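These notes concern the structure reproduced below.
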Amino acid sequence: MIDGQQRTLSICEFRTHGFNIEDPDRGTLYFSTLTKDEQEKFLNYELTVYFCEGTDKEKLDWFRVINIAGEKLLDQELLNAVYTGPFVSDARRHFSKNGCPAYKLGADYLNGNAIEQAYLSTILKWAARHDGIAKIDEYMALHQFDPNANKLWAYFVAIITWIRSTFPKYRREMKGLDWGAMYDEFHENTYDTDALEKQIHGLMEDDEIMKKAGIYRYVLSGDLRDLSFRTFDKKQKREAYERQKGICVHCGKHFELEEMEADHITPWKEGGTTVADNCQMLCRNCNRVKGAN
């Protein structure tokens, strides 16, 4: 169904007392409180249905045109409409309802909210990447006629279980991280969770680290690129530049201040901090080479 799903469901739910309507003259009305004549008109009302054939891209384009005058739909809502079927229906049951299972299990680790399709979009992205599929729509097309979304749900449960067992202490910095990528890369490794927690605690207190959320991947990868450190300010850079008389300490050539970049003499991992005495100026090329090493 490209459009009209919510309207069709609303009609069905009114018939089964799923909700009521408010009439300014008659008050609250359920199907059972309508007159016999009104009930007959309701049940005999004809709906016009168009059957469209086309590629997935054409269906998406049609859906956008149909809804151009209404409330803007999210990309995931468009994909749900194009790839409607048992897989999407079951996936939405797990990830797209208020108080859905995904919310109860993993709301602390996911951005957005379920009803706006944020949870479903996230787990589909993780699952597609896990299976080596480049785009969510390709993944949904592949699984459109699966009888259910059990495999997708099991993958999500495995990720959340791994997070909780690896990082028992919850911190707000854990919300919204790419846990799917970390699970895929590191879940088969064995970690001392107490040692990880001590390391995380120490890094959280380190005011040199600006990107605290990057700590979680760093303690697993050991890659400093997962962290973001304090940078030297303009005054510190100018002092180091004047001290060096504009000479790059690596290649020995002279450069203008704008052609140079600040660097820690003693790296953070060896106890270096972002203070004037630990600042040196390198030309851009030397700094890139040092960073790569």
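Each chain of the structure tokens is named A, B, ... in the order shown, its residues numbered from 1; ligands are numbered from 1 in display order.
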Shell of 9 Å around range 89-99 of chain A, only C-alpha atoms, local chain residues under 5 positions omitted, as a PyMOL selection string: chain A and resi 80+84+104+113-121+123+147-150+152-153
query: Which of range 18-254 of chain A counts as helix (DSSP H, G or I) under DSSP, as number ranges by chain please?
result: A: 31-33, 36-44, 56-66, 75-82, 86-95, 101-109, 114-116, 118-130, 136-143, 150-166, 172-174, 179-186, 193-204, 212-221, 224-226, 234-243
task: Compile the contact shell of Leu177 in chain A as JSON, numbers by chain: residues with an atom at most 9 Å away, counting only C-alpha atoms, same-chain residues fewer than 5 positions apart removed.
output: {"A": [109, 110, 111, 182, 213, 214, 216]}
task: Within 8 Å of Ile159 in chain A, counting only C-alpha atoms, which residues show up once you throw out same-chain ones fewer than 2 positions away? Write them as a PyMOL selection string, please.
output: chain A and resi 155-157+161-163+179-180+183
Keeping only N, CA and C atoms, write those residues as a PDB file, in the first residue's frame.
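That gives us again_9.pdb:
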ATOM      1  N   TYR A 155      19.187 -10.016  16.319  1.00  0.00           N
ATOM      2  CA  TYR A 155      20.433  -9.244  16.169  1.00  0.00           C
ATOM      3  C   TYR A 155      20.438  -8.052  17.118  1.00  0.00           C
ATOM      4  N   PHE A 156      19.309  -7.366  17.218  1.00  0.00           N
ATOM      5  CA  PHE A 156      19.196  -6.224  18.127  1.00  0.00           C
ATOM      6  C   PHE A 156      19.382  -6.665  19.578  1.00  0.00           C
ATOM      7  N   VAL A 157      18.732  -7.742  19.958  1.00  0.00           N
ATOM      8  CA  VAL A 157      18.852  -8.255  21.335  1.00  0.00           C
ATOM      9  C   VAL A 157      20.303  -8.624  21.632  1.00  0.00           C
ATOM     10  N   THR A 161      22.437  -6.918  24.625  1.00  0.00           N
ATOM     11  CA  THR A 161      22.969  -7.825  25.651  1.00  0.00           C
ATOM     12  C   THR A 161      24.477  -7.662  25.770  1.00  0.00           C
ATOM     13  N   TRP A 162      25.152  -7.551  24.640  1.00  0.00           N
ATOM     14  CA  TRP A 162      26.617  -7.358  24.641  1.00  0.00           C
ATOM     15  C   TRP A 162      26.991  -6.032  25.283  1.00  0.00           C
ATOM     16  N   ILE A 163      26.259  -4.979  24.992  1.00  0.00           N
ATOM     17  CA  ILE A 163      26.553  -3.672  25.598  1.00  0.00           C
ATOM     18  C   ILE A 163      26.458  -3.769  27.115  1.00  0.00           C
ATOM     19  N   TRP A 179      26.534   1.413  18.169  1.00  0.00           N
ATOM     20  CA  TRP A 179      26.784   0.158  18.870  1.00  0.00           C
ATOM     21  C   TRP A 179      26.795  -1.027  17.905  1.00  0.00           C
ATOM     22  N   GLY A 180      26.058  -0.915  16.802  1.00  0.00           N
ATOM     23  CA  GLY A 180      26.073  -2.000  15.828  1.00  0.00           C
ATOM     24  C   GLY A 180      27.457  -2.238  15.270  1.00  0.00           C
ATOM     25  N   TYR A 183      29.689  -3.729  18.039  1.00  0.00           N
ATOM     26  CA  TYR A 183      29.355  -5.145  18.267  1.00  0.00           C
ATOM     27  C   TYR A 183      29.971  -6.016  17.172  1.00  0.00           C
TER      28      TYR A 183
END
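Distances to Asp223 in chain A were evaluated for A:Ile21, A:Ala240, A:Glu205, A:Lys269 using only C-alpha atoms, and the minimum falls at A:Lys269.
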query: Between CA of Leu47 in chain A and CA of Phe19 in chain A, what is the distance, to one decimal in Å?
result: 20.3 Å
field: Close residues, range 255-267 of chain A itself excluded, 6 Å, only C-alpha atoms, min 2 positions apart in chain, as a list in words
entry: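 Close residues of range 255-267 of chain A: Gly246, Lys269, Glu270, Gly272, Asn278, Cys279, Gln280, Met281, Leu282, Cys283 and Arg284 of chain A.
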Preceding selection exported with C-alpha atoms as a short mmCIF file (atom, residue, chain, number, x, y, z; two decimals), in the first residue's frame:
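Produced file result.cif, reproduced below:
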data_model
loop_
_atom_site.label_atom_id
_atom_site.label_comp_id
_atom_site.auth_asym_id
_atom_site.auth_seq_id
_atom_site.Cartn_x
_atom_site.Cartn_y
_atom_site.Cartn_z
CA GLY A 246 58.78 30.17 12.53
CA LYS A 269 49.17 8.84 25.93
CA GLU A 270 52.52 9.56 27.56
CA GLY A 272 51.25 15.20 27.80
CA ASN A 278 53.99 21.23 25.64
CA CYS A 279 53.18 23.01 22.38
CA GLN A 280 55.29 22.90 19.23
CA MET A 281 54.52 24.15 15.74
CA LEU A 282 54.90 21.85 12.75
CA CYS A 283 54.31 22.55 9.09
CA ARG A 284 51.15 20.91 7.82
#
message: Under the rule that only C-alpha atoms are counted, which of A:Asn189, A:Glu58, A:Phe87, A:Asp184 is the nearest residue to His143 in chain A?
response: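 Closest candidate: A:Phe87.
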- request: Counting only C-alpha atoms, figure out which residue out of A:Phe167, A:Met210, A:Arg15, A:Gln236 gets nearest to Ala195 in chain A.
  value: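 Among the listed residues, A:Phe167 lies closest to Ala195 in chain A.
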task: Fewer than 6 positions away in the same chain doesn't count, so skip those; otherwise give me all residues within 9 Å of Ala128 in chain A, counting only C-alpha atoms, as an MDAnalysis selection string.
output: chainID A and resid 134:136 138:140
What does the file look like for those residues with C-alpha atoms, as a PDB file, in the first residue's frame?
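This went into out19.pdb:
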ATOM      1  CA  ALA A 134      25.196  -0.812   1.290  1.00  0.00           C
ATOM      2  CA  LYS A 135      21.702   0.691   1.676  1.00  0.00           C
ATOM      3  CA  ILE A 136      18.696   0.180   3.926  1.00  0.00           C
ATOM      4  CA  GLU A 138      18.322  -2.872  -0.526  1.00  0.00           C
ATOM      5  CA  TYR A 139      18.129  -4.734   2.776  1.00  0.00           C
ATOM      6  CA  MET A 140      14.372  -4.140   3.028  1.00  0.00           C
TER       7      MET A 140
END
- request: Run DSSP on the backbone and give me the residues of range 18-179 of chain A it puts in strand (DSSP E or B), as number ranges by chain.
  value: A: 21-23, 27-29
Residues from last step as file, N, CA, C and O atoms, as a tab-separated table (two decimals), in the first residue's frame:
chain	number	residue	atom	x	y	z
A	21	ILE	N	-15.22	8.90	17.95
A	21	ILE	CA	-15.21	10.24	17.38
A	21	ILE	C	-16.04	11.16	18.26
A	21	ILE	O	-16.92	10.70	19.00
A	22	GLU	N	-15.75	12.45	18.17
A	22	GLU	CA	-16.48	13.43	18.96
A	22	GLU	C	-17.35	14.27	18.04
A	22	GLU	O	-16.86	14.92	17.12
A	23	ASP	N	-18.64	14.24	18.26
A	23	ASP	CA	-19.58	15.04	17.49
A	23	ASP	C	-20.01	16.24	18.34
A	23	ASP	O	-20.39	16.06	19.52
A	27	GLY	N	-21.97	14.38	21.05
A	27	GLY	CA	-20.97	13.94	22.02
A	27	GLY	C	-20.12	12.79	21.49
A	27	GLY	O	-19.84	12.69	20.30
A	28	THR	N	-19.72	11.88	22.38
A	28	THR	CA	-18.86	10.76	22.01
A	28	THR	C	-19.64	9.69	21.27
A	28	THR	O	-20.69	9.25	21.74
A	29	LEU	N	-19.10	9.30	20.11
A	29	LEU	CA	-19.78	8.30	19.29
A	29	LEU	C	-18.86	7.11	19.02
A	29	LEU	O	-17.72	7.28	18.60
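Minimum atom-to-atom distance to Gln76 in chain A, evaluated using only C-alpha atoms, belongs to A:Leu124 out of A:Leu124, A:Val49, A:Ala107, A:Ala276.
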field: Pairwise distance for CA of Phe186 in chain A and CA of Ser165 in chain A, rounded to one decimal in Å
entry: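 Going from CA of Phe186 in chain A over to CA of Ser165 in chain A, I get 12.9 Å.
Of the residues under consideration (A:Glu38, A:Leu78, A:Gly85, A:Arg238), A:Gly85 shows the shortest atom-to-atom contact distance to Phe145 in chain A when counting only C-alpha atoms.
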- line: Counting only C-alpha atoms, closest pick from A:Thr48, A:Leu142, A:Ile209, A:Ile215 relative to Arg171 in chain A is A:Ile215
